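Enquirer: Take a look at upload34.cif, mmCIF, C-alpha atoms:
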data_structure
loop_
_atom_site.label_atom_id
_atom_site.label_comp_id
_atom_site.auth_asym_id
_atom_site.auth_seq_id
_atom_site.Cartn_x
_atom_site.Cartn_y
_atom_site.Cartn_z
CA MET A 1 6.41 -25.74 -0.09
CA LYS A 2 4.88 -24.05 -3.15
CA ILE A 3 2.94 -20.87 -2.28
CA ILE A 4 1.00 -18.85 -4.88
CA LEU A 5 -0.03 -15.31 -3.98
CA THR A 6 -2.54 -13.38 -6.10
CA VAL A 7 -3.14 -9.66 -6.69
CA THR A 8 -4.92 -7.54 -9.33
CA ASN A 9 -2.09 -5.04 -9.93
CA ASP A 10 0.76 -5.49 -12.41
CA LEU A 11 3.36 -6.38 -9.69
CA ALA A 12 5.93 -3.72 -10.62
CA TYR A 13 5.15 -1.26 -7.81
CA ASP A 14 3.76 -3.44 -5.00
CA GLN A 15 6.39 -3.12 -2.27
CA ARG A 16 4.40 -5.07 0.31
CA MET A 17 4.17 -8.12 -1.94
CA MET A 18 7.84 -7.84 -2.87
CA ARG A 19 8.75 -8.02 0.81
CA ILE A 20 6.33 -10.85 1.61
CA CYS A 21 7.32 -12.96 -1.38
CA GLY A 22 11.01 -12.28 -0.82
CA SER A 23 10.78 -13.40 2.81
CA LEU A 24 8.88 -16.57 1.96
CA ALA A 25 11.40 -17.41 -0.78
CA ALA A 26 14.34 -16.75 1.56
CA ALA A 27 12.76 -19.16 4.05
CA GLY A 28 13.00 -21.94 1.46
CA HIS A 29 9.52 -21.88 -0.06
CA GLU A 30 8.84 -21.98 -3.78
CA VAL A 31 6.93 -18.74 -4.34
CA GLU A 32 4.94 -17.41 -7.28
CA LEU A 33 3.26 -14.00 -7.36
CA VAL A 34 0.42 -13.66 -9.87
CA GLY A 35 -0.93 -10.33 -11.09
CA ARG A 36 -2.24 -8.54 -14.13
CA LEU A 37 -0.59 -7.59 -17.40
CA ARG A 38 -1.60 -4.12 -18.58
CA PRO A 39 -0.78 -2.41 -21.90
CA GLY A 40 1.74 -0.13 -20.21
CA SER A 41 3.16 -2.63 -17.72
CA PRO A 42 6.95 -2.22 -17.36
CA LEU A 43 9.41 -5.07 -17.43
CA LEU A 44 9.60 -6.79 -14.07
CA PRO A 45 12.86 -6.76 -12.11
CA GLU A 46 14.58 -10.01 -11.27
CA MET A 47 13.28 -11.43 -8.02
CA PRO A 48 14.03 -14.57 -5.95
CA TYR A 49 10.53 -15.80 -6.74
CA ARG A 50 8.49 -16.37 -9.88
CA GLN A 51 6.30 -13.58 -11.27
CA THR A 52 3.35 -14.19 -13.59
CA ARG A 53 1.03 -11.62 -15.15
CA LEU A 54 -2.30 -12.57 -16.74
CA PRO A 55 -3.49 -10.50 -19.73
CA CYS A 56 -7.00 -9.03 -19.65
CA TYR A 57 -9.15 -7.45 -22.33
CA PHE A 58 -11.07 -5.20 -19.93
CA GLU A 59 -9.21 -2.57 -17.89
CA LYS A 60 -11.64 -1.67 -15.08
CA GLY A 61 -15.09 -2.11 -13.59
CA LYS A 62 -17.27 -5.19 -13.23
CA LEU A 63 -16.15 -6.64 -16.54
CA PHE A 64 -12.50 -6.46 -15.50
CA TYR A 65 -13.06 -8.17 -12.15
CA THR A 66 -15.21 -10.86 -13.77
CA GLU A 67 -12.69 -11.52 -16.54
CA TYR A 68 -9.66 -11.49 -14.24
CA ASP A 69 -11.23 -13.80 -11.68
CA LEU A 70 -12.24 -16.28 -14.38
CA ARG A 71 -8.75 -16.23 -15.90
CA LEU A 72 -7.17 -16.61 -12.46
CA LEU A 73 -9.51 -19.46 -11.49
CA ILE A 74 -8.77 -21.42 -14.65
CA TRP A 75 -5.05 -20.72 -14.28
CA LEU A 76 -5.06 -21.96 -10.67
CA PHE A 77 -6.97 -25.13 -11.51
CA PHE A 78 -4.02 -26.33 -13.60
CA ARG A 79 -1.26 -25.39 -11.16
CA ARG A 80 0.44 -27.32 -8.38
CA PHE A 81 0.67 -25.59 -5.01
CA ASP A 82 0.66 -26.26 -1.29
CA ALA A 83 -1.04 -23.01 -0.26
CA LEU A 84 -2.73 -20.00 -1.81
CA CYS A 85 -2.80 -16.42 -0.56
CA ALA A 86 -5.59 -14.14 -1.76
CA VAL A 87 -4.63 -10.48 -1.47
CA ASP A 88 -7.81 -8.44 -0.88
CA LEU A 89 -11.34 -9.39 -1.80
CA ASP A 90 -10.86 -8.99 -5.54
CA THR A 91 -8.92 -12.29 -5.76
CA ILE A 92 -10.47 -14.22 -2.87
CA LEU A 93 -13.09 -16.26 -4.75
CA PRO A 94 -10.72 -17.86 -7.31
CA CYS A 95 -8.30 -18.73 -4.50
CA LEU A 96 -11.03 -20.16 -2.28
CA TRP A 97 -12.47 -22.35 -5.02
CA ALA A 98 -9.09 -23.46 -6.39
CA GLY A 99 -7.94 -24.27 -2.87
CA TRP A 100 -11.08 -26.34 -2.30
CA TRP A 101 -10.55 -28.16 -5.63
CA HIS A 102 -6.93 -29.03 -4.80
CA ARG A 103 -7.68 -29.53 -1.08
CA LYS A 104 -5.03 -27.02 -0.09
CA PRO A 105 -5.19 -24.23 2.53
CA CYS A 106 -6.02 -20.67 1.53
CA VAL A 107 -4.81 -17.54 3.34
CA TYR A 108 -6.31 -14.05 3.20
CA ASP A 109 -4.11 -10.93 3.20
CA ALA A 110 -6.28 -7.81 3.64
CA HIS A 111 -4.27 -4.82 2.48
CA GLU A 112 -7.31 -2.69 3.27
CA TYR A 113 -10.90 -2.82 4.51
CA PHE A 114 -12.09 -3.48 0.98
CA THR A 115 -15.81 -2.80 1.46
CA GLU A 116 -14.98 0.54 3.12
CA VAL A 117 -12.73 2.15 0.50
CA PRO A 118 -14.20 5.40 -0.91
CA GLU A 119 -14.69 3.95 -4.41
CA VAL A 120 -16.93 1.25 -2.92
CA VAL A 121 -18.60 3.19 -0.09
CA ARG A 122 -20.15 5.72 -2.49
CA ARG A 123 -21.70 2.92 -4.59
CA PRO A 124 -24.15 1.07 -2.29
CA ARG A 125 -25.04 -1.66 -4.78
CA VAL A 126 -21.38 -2.50 -5.47
CA ARG A 127 -20.68 -2.39 -1.75
CA ARG A 128 -23.42 -4.94 -1.03
CA ILE A 129 -21.96 -7.31 -3.61
CA TRP A 130 -18.45 -7.12 -2.15
CA GLU A 131 -19.83 -7.49 1.38
CA ARG A 132 -21.58 -10.72 0.37
CA VAL A 133 -18.31 -11.96 -1.12
CA ALA A 134 -16.52 -11.11 2.12
CA ARG A 135 -19.03 -12.80 4.40
CA TYR A 136 -19.03 -15.90 2.24
CA ALA A 137 -15.29 -16.26 1.70
CA ILE A 138 -13.40 -14.81 4.66
CA PRO A 139 -14.73 -17.26 7.29
CA ARG A 140 -13.56 -20.09 5.00
CA MET A 141 -9.95 -18.94 4.97
CA LYS A 142 -7.37 -20.98 6.87
CA ARG A 143 -5.67 -17.85 8.26
CA CYS A 144 -6.20 -14.11 7.86
CA TYR A 145 -3.87 -11.16 8.37
CA THR A 146 -3.93 -7.44 7.66
CA VAL A 147 -1.75 -4.32 7.89
CA GLY A 148 -2.38 -3.01 11.42
CA ASP A 149 -3.62 -3.87 14.90
CA CYS A 150 -6.69 -1.60 14.80
CA LEU A 151 -7.88 -2.94 11.45
CA ALA A 152 -7.22 -6.51 12.62
CA GLU A 153 -9.56 -5.95 15.56
CA VAL A 154 -12.27 -4.43 13.35
CA LEU A 155 -12.11 -7.22 10.74
CA SER A 156 -12.05 -9.93 13.41
CA GLU A 157 -15.21 -8.55 14.97
CA CYS A 158 -16.92 -8.02 11.61
CA TYR A 159 -16.29 -11.47 10.11
CA GLY A 160 -15.99 -13.62 13.22
CA VAL A 161 -12.50 -14.96 12.49
CA PRO A 162 -9.17 -13.90 14.01
CA PHE A 163 -6.93 -11.55 12.01
CA THR A 164 -3.21 -11.20 12.68
CA SER A 165 -1.36 -7.92 12.08
CA ILE A 166 1.56 -7.96 9.62
CA ARG A 167 2.46 -4.29 9.39
CA ASN A 168 3.42 -2.75 6.08
CA VAL A 169 6.90 -1.72 7.19
CA PRO A 170 9.85 -1.47 4.79
CA LEU A 171 13.27 -3.02 4.80
CA PRO A 172 15.94 -0.97 6.61
CA PHE A 173 16.62 2.17 4.60
CA VAL A 174 19.69 2.10 2.34
CA PRO A 175 19.92 5.23 0.10
CA LEU A 176 21.00 4.75 -3.48
CA ASN A 177 24.03 6.61 -4.81
CA SER A 178 22.79 9.68 -6.62
CA SER A 179 24.73 8.67 -9.72
CA SER A 180 22.85 5.39 -9.98
CA ALA A 181 19.37 6.48 -8.96
CA GLU A 182 16.71 5.97 -11.56
CA SER A 183 14.79 9.15 -10.87
CA PRO A 184 12.34 9.99 -13.68
CA ASN A 185 13.02 13.73 -13.36
CA ALA A 186 16.74 14.21 -12.81
CA GLU A 187 16.46 17.96 -13.37
CA LEU A 188 14.21 18.23 -10.30
CA GLU A 189 16.69 16.69 -7.89
CA PHE A 190 17.78 18.77 -4.93
CA SER A 191 19.72 17.71 -1.88
CA ARG A 192 18.02 18.07 1.50
CA ALA A 193 21.26 19.72 2.66
CA LYS A 194 21.11 22.57 0.11
CA ASP A 195 19.39 25.36 2.00
CA SER A 196 19.15 27.59 -1.08
CA ALA A 197 17.15 25.04 -3.05
CA PRO A 198 13.37 24.75 -2.73
CA LYS A 199 12.39 22.35 0.04
CA ILE A 200 10.62 19.29 -1.34
CA ILE A 201 7.26 18.19 -0.01
CA LEU A 202 6.81 14.59 -1.15
CA TYR A 203 3.76 12.42 -1.69
CA GLN A 204 4.41 8.87 -2.86
CA GLY A 205 1.61 6.53 -3.83
CA ALA A 206 -1.48 6.26 -5.99
CA LEU A 207 -3.12 9.47 -7.22
CA ASN A 208 -6.56 8.26 -6.23
CA GLU A 209 -9.71 9.58 -4.62
CA GLY A 210 -9.61 10.35 -0.92
CA ARG A 211 -5.83 10.91 -0.65
CA GLY A 212 -6.03 14.65 0.08
CA LEU A 213 -4.12 15.50 -3.08
CA GLU A 214 -6.42 18.34 -4.11
CA THR A 215 -5.86 19.92 -0.68
CA ALA A 216 -2.09 19.51 -0.96
CA ILE A 217 -2.06 21.24 -4.35
CA GLU A 218 -4.23 24.14 -3.14
CA ALA A 219 -2.02 24.56 -0.07
CA MET A 220 0.97 25.24 -2.32
CA GLN A 221 -0.59 28.56 -3.41
CA GLU A 222 0.61 30.29 -0.24
CA ILE A 223 3.65 28.18 0.69
CA GLU A 224 6.87 29.76 -0.54
CA GLY A 225 10.31 28.21 -0.94
CA THR A 226 8.93 24.73 -1.56
CA VAL A 227 7.92 22.38 -4.36
CA LEU A 228 5.46 19.51 -4.19
CA TRP A 229 6.49 16.21 -5.76
CA LEU A 230 3.79 13.65 -6.55
CA ALA A 231 5.41 10.25 -7.16
CA GLY A 232 2.81 7.93 -8.66
CA GLU A 233 -0.16 7.79 -10.98
CA GLY A 234 -3.81 6.86 -10.54
CA ASP A 235 -7.45 7.58 -11.33
CA LEU A 236 -7.01 11.32 -10.66
CA SER A 237 -3.80 11.80 -12.68
CA THR A 238 -5.42 13.83 -15.46
CA GLU A 239 -7.70 15.79 -13.14
CA LEU A 240 -4.87 16.77 -10.80
CA ARG A 241 -2.63 17.91 -13.66
CA GLU A 242 -5.44 20.09 -14.94
CA LYS A 243 -5.96 21.56 -11.47
CA VAL A 244 -2.28 22.49 -11.27
CA LYS A 245 -2.55 24.32 -14.59
CA GLN A 246 -5.73 26.14 -13.54
CA LEU A 247 -4.05 27.37 -10.34
CA SER A 248 -0.86 28.36 -12.23
CA LEU A 249 1.25 26.07 -10.05
CA THR A 250 3.23 24.25 -12.74
CA GLN A 251 6.49 25.60 -11.26
CA LYS A 252 5.59 24.44 -7.74
CA VAL A 253 3.93 21.06 -8.32
CA HIS A 254 5.77 18.33 -10.22
CA PHE A 255 4.39 14.95 -11.30
CA LEU A 256 7.11 12.30 -11.26
CA GLY A 257 4.90 9.58 -12.74
CA PHE A 258 5.31 5.94 -11.82
CA VAL A 259 8.50 5.39 -9.84
CA LEU A 260 9.97 1.93 -9.40
CA PRO A 261 10.41 0.93 -5.75
CA LYS A 262 14.20 0.73 -6.06
CA ALA A 263 14.30 4.42 -7.09
CA LEU A 264 12.06 5.69 -4.27
CA PRO A 265 14.72 5.78 -1.49
CA GLU A 266 16.84 8.31 -3.37
CA ILE A 267 13.82 10.51 -4.07
CA THR A 268 12.63 10.30 -0.46
CA ALA A 269 16.12 11.17 0.81
CA GLN A 270 15.87 14.55 -0.97
CA ALA A 271 12.55 15.58 0.60
CA TRP A 272 12.00 17.89 3.57
CA ILE A 273 8.43 16.80 4.41
CA GLY A 274 6.46 13.64 3.60
CA LEU A 275 2.69 13.61 3.07
CA ASN A 276 0.14 10.91 3.83
CA LEU A 277 -3.26 12.58 3.73
CA LEU A 278 -6.54 10.67 3.81
CA GLU A 279 -10.17 11.73 3.81
CA ASN A 280 -12.37 10.02 6.36
CA LYS A 281 -14.69 8.65 3.68
CA GLY A 282 -14.80 5.08 4.96
CA LEU A 283 -13.38 2.85 7.64
CA SER A 284 -10.65 1.56 5.31
CA TYR A 285 -8.87 4.91 5.28
CA TYR A 286 -9.71 5.64 8.93
CA TYR A 287 -8.04 2.40 10.09
CA SER A 288 -5.27 2.44 7.48
CA LEU A 289 -1.56 2.13 8.17
CA ALA A 290 0.11 3.00 4.87
CA ASN A 291 3.57 1.79 3.95
CA LYS A 292 4.54 5.35 3.00
CA ALA A 293 4.30 6.37 6.66
CA PHE A 294 7.01 3.84 7.49
CA ASP A 295 9.01 4.73 4.36
CA TYR A 296 9.23 8.30 5.60
CA ILE A 297 10.36 7.11 9.05
CA GLN A 298 13.06 4.90 7.52
CA ALA A 299 14.38 7.89 5.56
CA GLY A 300 14.48 10.07 8.69
CA LEU A 301 11.84 12.27 7.09
CA PRO A 302 9.29 14.11 9.27
CA SER A 303 5.85 13.74 7.73
CA ILE A 304 2.31 15.01 8.00
CA GLN A 305 -0.23 12.29 8.82
CA MET A 306 -3.90 12.20 9.66
CA ASP A 307 -4.94 12.00 13.30
CA PHE A 308 -6.41 8.52 12.75
CA PRO A 309 -6.02 5.62 15.22
CA GLU A 310 -2.96 3.85 13.81
CA TYR A 311 -0.99 7.04 13.12
CA ARG A 312 -1.97 8.48 16.50
CA LYS A 313 -0.78 5.31 18.24
CA LEU A 314 2.55 5.37 16.39
CA ASN A 315 3.02 9.02 17.27
CA GLU A 316 2.28 8.39 20.94
CA ASP A 317 5.04 5.77 20.93
CA TRP A 318 7.64 7.56 18.80
CA GLN A 319 6.74 11.22 18.11
CA VAL A 320 7.65 11.05 14.43
CA PHE A 321 4.64 12.75 12.76
CA GLU A 322 2.92 16.10 12.58
CA LEU A 323 -0.73 15.07 12.91
CA VAL A 324 -3.62 17.02 11.35
CA ALA A 325 -7.23 16.70 12.45
CA ASP A 326 -8.81 17.53 9.09
CA LEU A 327 -8.06 18.21 5.44
CA GLU A 328 -8.87 21.91 5.37
CA VAL A 329 -6.36 23.78 3.23
CA GLU A 330 -5.41 26.15 6.04
CA THR A 331 -4.92 23.26 8.48
CA LEU A 332 -2.43 21.68 6.10
CA ARG A 333 -0.68 25.01 5.47
CA GLN A 334 -0.15 25.52 9.20
CA ALA A 335 1.33 22.02 9.57
CA ILE A 336 3.68 22.59 6.61
CA ARG A 337 4.79 25.97 7.92
CA LYS A 338 5.52 24.50 11.33
CA LEU A 339 7.84 21.90 9.81
CA LEU A 340 9.45 24.52 7.58
CA HIS A 341 10.11 27.17 10.21
CA ASP A 342 10.22 25.50 13.66
CA ALA A 343 13.75 24.12 13.47
CA PRO A 344 13.91 22.57 16.97
CA HIS A 345 10.60 20.77 16.42
CA TYR A 346 11.67 19.52 13.00
CA GLN A 347 15.01 18.29 14.31
CA LYS A 348 13.30 16.44 17.17
CA LEU A 349 10.97 14.63 14.75
CA GLN A 350 13.93 13.80 12.54
CA GLU A 351 15.89 12.32 15.46
CA ASN A 352 12.87 10.31 16.56
CA CYS A 353 12.47 8.92 13.03
CA GLN A 354 16.04 7.68 13.15
CA LYS A 355 15.41 5.93 16.48
CA ALA A 356 12.12 4.41 15.33
CA ALA A 357 13.66 3.17 12.08
CA ALA A 358 15.74 0.63 14.01
CA ILE A 359 12.54 -1.01 15.27
CA LEU A 360 9.88 -0.27 12.65
CA ASN A 361 11.28 -2.30 9.76
CA TRP A 362 10.52 -5.53 7.96
CA GLU A 363 13.11 -7.54 9.85
CA GLN A 364 10.82 -7.31 12.88
CA GLU A 365 7.60 -8.25 11.03
CA GLU A 366 9.06 -11.07 8.95
CA PHE A 367 9.08 -13.46 11.88
CA LYS A 368 5.29 -13.19 12.32
CA LEU A 369 4.69 -13.81 8.61
CA LEU A 370 6.84 -16.95 8.50
CA ALA A 371 5.21 -18.27 11.67
CA ILE A 372 1.78 -18.07 10.04
CA TYR A 373 2.82 -20.24 7.09
CA GLU A 374 4.75 -22.66 9.29
CA GLU A 375 1.62 -23.17 11.40
CA ILE A 376 -0.54 -23.62 8.29
CA PHE A 377 1.67 -26.29 6.76
CA SER A 378 2.14 -28.08 10.06
CA SER A 379 -1.60 -28.16 10.70
CA HIS A 380 -2.42 -29.23 7.13
CA ASN A 381 0.13 -32.04 7.17
CA ASN A 382 -1.10 -33.30 10.54
CA ASN A 383 -4.69 -33.38 9.29
CA ALA A 384 -3.62 -35.20 6.12
CA ASN A 385 -1.91 -37.90 8.20
CA LEU A 386 -4.98 -38.60 10.32
#
Translate this file's structure into structure tokens.
Expert:
Amino acid sequence: MKIILTVTNDLAYDQRMMRICGSLAAAGHEVELVGRLRPGSPLLPEMPYRQTRLPCYFEKGKLFYTEYDLRLLIWLFFRRFDALCAVDLDTILPCLWAGWWHRKPCVYDAHEYFTEVPEVVRRPRVRRIWERVARYAIPRMKRCYTVGDCLAEVLSECYGVPFTSIRNVPLPFVPLNSSSAESPNAELEFSRAKDSAPKIILYQGALNEGRGLETAIEAMQEIEGTVLWLAGEGDLSTELREKVKQLSLTQKVHFLGFVLPKALPEITAQAWIGLNLLENKGLSYYYSLANKAFDYIQAGLPSIQMDFPEYRKLNEDWQVFELVADLEVETLRQAIRKLLHDAPHYQKLQENCQKAAAILNWEQEEFKLLAIYEEIFSSHNNNANL
């Protein structure tokens, strides 16, 4: 069966979609992932599925979403497919209408609670528009799934349709050889085993609003023997770099820029602490279950997470995180110091990560994903034969 999945990013760094598309292709489906071509988009790696990027004149805001959705809708009208998957609300309308035109089923993959992300919550008018889109389109989807059990329950109750949980867990961790790693800053590389080297505190992901990055940078002022690595770029890239200069932390905070997914394991393997910090500025972050949390577990890396429902539940089951109740600078400093200086506690978290990694990986979630599409095609074919 031919499945087209649609996103608004440029495909190069979306690990969740790489896993989903790879699994569907391995199951025998013809898969095409469609995204956006940006001026600085890197070359795409070879994948077992087709990758297409649509060029856009506008880069952000209402004009971008309008242009991209129109381009995507027209593109989909002239394509053959057996099912569409809209990833998040920003591609749901073109998929819904193209699916209706071709009389093919449409699936919704909610990577987040779109109307509750900070960028939307603080703009009431924009939020109302996206909420109308959600209430119109989501109930018309053939199947819906999202990244965690808590968010699935919330979305099911909000939109009156069942959501399945397909967690954002990685493939089993396989470190790259250091000689072949494509780290963007080779001079910054330290081994986790070298006690004399600064211990690396790692954040991987978008440098966007609400990620606690300002707090992490300020915390480094009174944390000795460590460096903070920020692997990614985003809306706050310029602002955060300026903050580091203002605080005279250029020797303690390093920006690695965009890092390709295949290079991340080697970088993560060098870290001493992982960070996944979120401000409670909307239900999307509060009910999130970020892939970086599982990436840290796969690498055997103790990490600092927010005391939000999904992370709390994981920690109750596995004891792999140091949870913090808020994003006060001193709260974060205390959590970092505990992982730096309480060796028995750190070792226990590390051992628990290694145990959890055998269970919390994509091999366990893949079965649920494939079952969804098998049910969709079976149901659609049965209806067509009536």
Enquirer: Might you spell out which residues the PyMOL selection byres ((chain A and resi 17) around 10) would select in the displayed file, as a PyMOL selection string?
Expert: chain A and resi 5-7+11-16+18-23+33+87+168
Enquirer: Env of Ser303 of chain A: 9 Å cut, atoms = only C-alpha atoms, seq-sep filter 3 positions within chain, self excluded. Answer as a list of chain:residue names.
Expert: A:Leu202, A:Trp272, A:Ile273, A:Gly274, A:Leu275, A:Asn276, A:Ala293, A:Tyr296, A:Ile297, A:Val320, A:Phe321, A:Glu322, A:Leu323, A:Leu339, A:Leu349
Enquirer: Would you put the residues from that selection into a file with C-alpha atoms, as a short mmCIF file (atom, residue, chain, number, x, y, z; two decimals), keeping the file's coordinate frame?
Expert:
data_model
loop_
_atom_site.label_atom_id
_atom_site.label_comp_id
_atom_site.auth_asym_id
_atom_site.auth_seq_id
_atom_site.Cartn_x
_atom_site.Cartn_y
_atom_site.Cartn_z
CA LEU A 202 6.81 14.59 -1.15
CA TRP A 272 12.00 17.89 3.57
CA ILE A 273 8.43 16.80 4.41
CA GLY A 274 6.46 13.64 3.60
CA LEU A 275 2.69 13.61 3.07
CA ASN A 276 0.14 10.91 3.83
CA ALA A 293 4.30 6.37 6.66
CA TYR A 296 9.23 8.30 5.60
CA ILE A 297 10.36 7.11 9.05
CA VAL A 320 7.65 11.05 14.43
CA PHE A 321 4.64 12.75 12.76
CA GLU A 322 2.92 16.10 12.58
CA LEU A 323 -0.73 15.07 12.91
CA LEU A 339 7.84 21.90 9.81
CA LEU A 349 10.97 14.63 14.75
#
Enquirer: Output the residue selection produced by the PyMOL selection byres ((chain A and resi 68) around 9) on the file above, formatted as a PyMOL selection string.
Expert: chain A and resi 8+36+54-56+58+63-67+69-73+91
Enquirer: Check the smallest atom-to-atom distance from each of A:Gly99, A:Gly210, A:Gly205, A:Gly160 to Pro261 of chain A using all atoms listed in the file, then report the winner.
Expert: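 Looking only at the distances to Pro261 of chain A, the closest residue turns out to be A:Gly205.
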Enquirer: With distances taken over only C-alpha atoms, which residue among A:Thr250, A:Ala219, A:Glu233, A:Phe377 lies nearest Gln334 of chain A?
Expert: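 Comparing A:Thr250, A:Ala219, A:Glu233, A:Phe377 against Gln334 of chain A, the winner is A:Ala219.
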Enquirer: Pick from A:His341, A:His380, A:Arg167, A:His111: nearest to Tyr285 of chain A, with all atoms listed in the file counted?
Expert: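 Answer, going by the shortest atom-to-atom distance: A:His111.
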Enquirer: So the first atom is atom CA of Tyr311 of chain A and the second is atom CA of Lys348 of chain A; what is the distance between them in Å, to one decimal place?
Expert: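 Those two atoms sit 17.6 Å apart.
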Enquirer: Can you turn the PyMOL selection byres ((chain A and resi 107) around 7) into a concrete residue list for this file, as a compact mmCIF listing (two decimals) with C-alpha atoms, keeping the file's coordinate frame?
Expert:
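The resulting file, result-v2.txt, is reproduced below:
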# COMPACT_ATOMS: atom_id res chain seq x y z
CA LEU A 84 -2.73 -20.00 -1.81
CA CYS A 85 -2.80 -16.42 -0.56
CA ALA A 86 -5.59 -14.14 -1.76
CA PRO A 105 -5.19 -24.23 2.53
CA CYS A 106 -6.02 -20.67 1.53
CA TYR A 108 -6.31 -14.05 3.20
CA ASP A 109 -4.11 -10.93 3.20
CA MET A 141 -9.95 -18.94 4.97
CA LYS A 142 -7.37 -20.98 6.87
CA ARG A 143 -5.67 -17.85 8.26
CA CYS A 144 -6.20 -14.11 7.86
Enquirer: Between A:Leu314, A:Val126, A:Val34, A:Met306, which residue has the minimum interatomic distance to Cys353 of chain A, considering all atoms listed in the file?
Expert: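 Comparing A:Leu314, A:Val126, A:Val34, A:Met306 against Cys353 of chain A, the winner is A:Leu314.
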Enquirer: How big is the axis-aligned box, and where does its centre sit, when it encloses all atoms of segment 306-325 of chain A listed in the file and has 6 Å added on every side, reported in Å to one decimal as JSON?
Expert:
{"center_x": 0.2, "center_y": 10.4, "center_z": 15.3, "size_x": 26.9, "size_y": 25.2, "size_z": 23.3}
Enquirer: Could you tell me how far atom CA of Pro118 of chain A sits from atom CA of Ser284 of chain A, in Å to one decimal place?
Expert: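 We find that atom CA of Ser284 of chain A and atom CA of Pro118 of chain A lie 8.1 Å from each other.
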Enquirer: Interatomic distance between atom CA of Arg333 of chain A and atom CA of Ala290 of chain A?
Expert: 22.0 Å
Enquirer: Just the residues within 9 Å of segment 129-134 of chain A, please, counting all atoms listed in the file, with nothing from its chain fewer than 3 positions along; format it as a list in words.
Expert: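 Neighbouring residues, sequence-local ones excluded: Leu89, Asp90, Ile92, Leu93, Phe114, Thr115, Val120, Pro124, Arg125, Val126, Ala137, Ile138, Pro139 and Tyr159 of chain A.
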Enquirer: Could you pull the residues within 7 Å of segment 1-3 of chain A, counting only C-alpha atoms, minus those fewer than 2 positions along the same chain, as number ranges by chain?
Expert: A: 5, 29-32, 81-84
Enquirer: Return the single residue from A:Gly225, A:Gly212, A:Pro170, A:Gly234 that is closest to Asn361 of chain A, with distances computed using only C-alpha atoms.
Expert: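 Once distances to Asn361 of chain A are computed over only C-alpha atoms, the minimum belongs to A:Pro170.
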Enquirer: I need the residue nearest His345 of chain A from this list: A:Tyr286, A:Thr164, A:Glu375, A:Gln319. Use all atoms listed in the file for the distance.
Expert: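 Ranking A:Tyr286, A:Thr164, A:Glu375, A:Gln319 by distance to His345 of chain A, first place goes to A:Gln319.
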Enquirer: If you count all atoms listed in the file, which residues fall within 9 Å of Ile217 of chain A, apart from same-chain ones fewer than 6 positions away, as a PyMOL selection string?
Expert: chain A and resi 228+240+243-244+247+249+252-253
Enquirer: Do you know which residues lie at most 10 Å from (-6.6, -27.1, -8.0), with coordinates as in the file and only C-alpha atoms counted, and could you write them as a PDB file with C-alpha atoms, in the coordinates of the input?
Expert:
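Once everything was written out, this is result_1.pdb:
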ATOM      1  CA  LEU A  73      -9.510 -19.460 -11.490  1.00  0.00           C
ATOM      2  CA  ILE A  74      -8.770 -21.420 -14.650  1.00  0.00           C
ATOM      3  CA  TRP A  75      -5.050 -20.720 -14.280  1.00  0.00           C
ATOM      4  CA  LEU A  76      -5.060 -21.960 -10.670  1.00  0.00           C
ATOM      5  CA  PHE A  77      -6.970 -25.130 -11.510  1.00  0.00           C
ATOM      6  CA  PHE A  78      -4.020 -26.330 -13.600  1.00  0.00           C
ATOM      7  CA  ARG A  79      -1.260 -25.390 -11.160  1.00  0.00           C
ATOM      8  CA  ARG A  80       0.440 -27.320  -8.380  1.00  0.00           C
ATOM      9  CA  PHE A  81       0.670 -25.590  -5.010  1.00  0.00           C
ATOM     10  CA  ASP A  82       0.660 -26.260  -1.290  1.00  0.00           C
ATOM     11  CA  CYS A  95      -8.300 -18.730  -4.500  1.00  0.00           C
ATOM     12  CA  TRP A  97     -12.470 -22.350  -5.020  1.00  0.00           C
ATOM     13  CA  ALA A  98      -9.090 -23.460  -6.390  1.00  0.00           C
ATOM     14  CA  GLY A  99      -7.940 -24.270  -2.870  1.00  0.00           C
ATOM     15  CA  TRP A 100     -11.080 -26.340  -2.300  1.00  0.00           C
ATOM     16  CA  TRP A 101     -10.550 -28.160  -5.630  1.00  0.00           C
ATOM     17  CA  HIS A 102      -6.930 -29.030  -4.800  1.00  0.00           C
ATOM     18  CA  ARG A 103      -7.680 -29.530  -1.080  1.00  0.00           C
ATOM     19  CA  LYS A 104      -5.030 -27.020  -0.090  1.00  0.00           C
TER      20      LYS A 104
END
Enquirer: Which polymer residues have any atom within 9 Å of an atom of Lys355 of chain A, counting all atoms listed in the file, with same-chain residues fewer than 5 positions away left out, as a ChimeraX atom specification?
Expert: /A:300,318,350
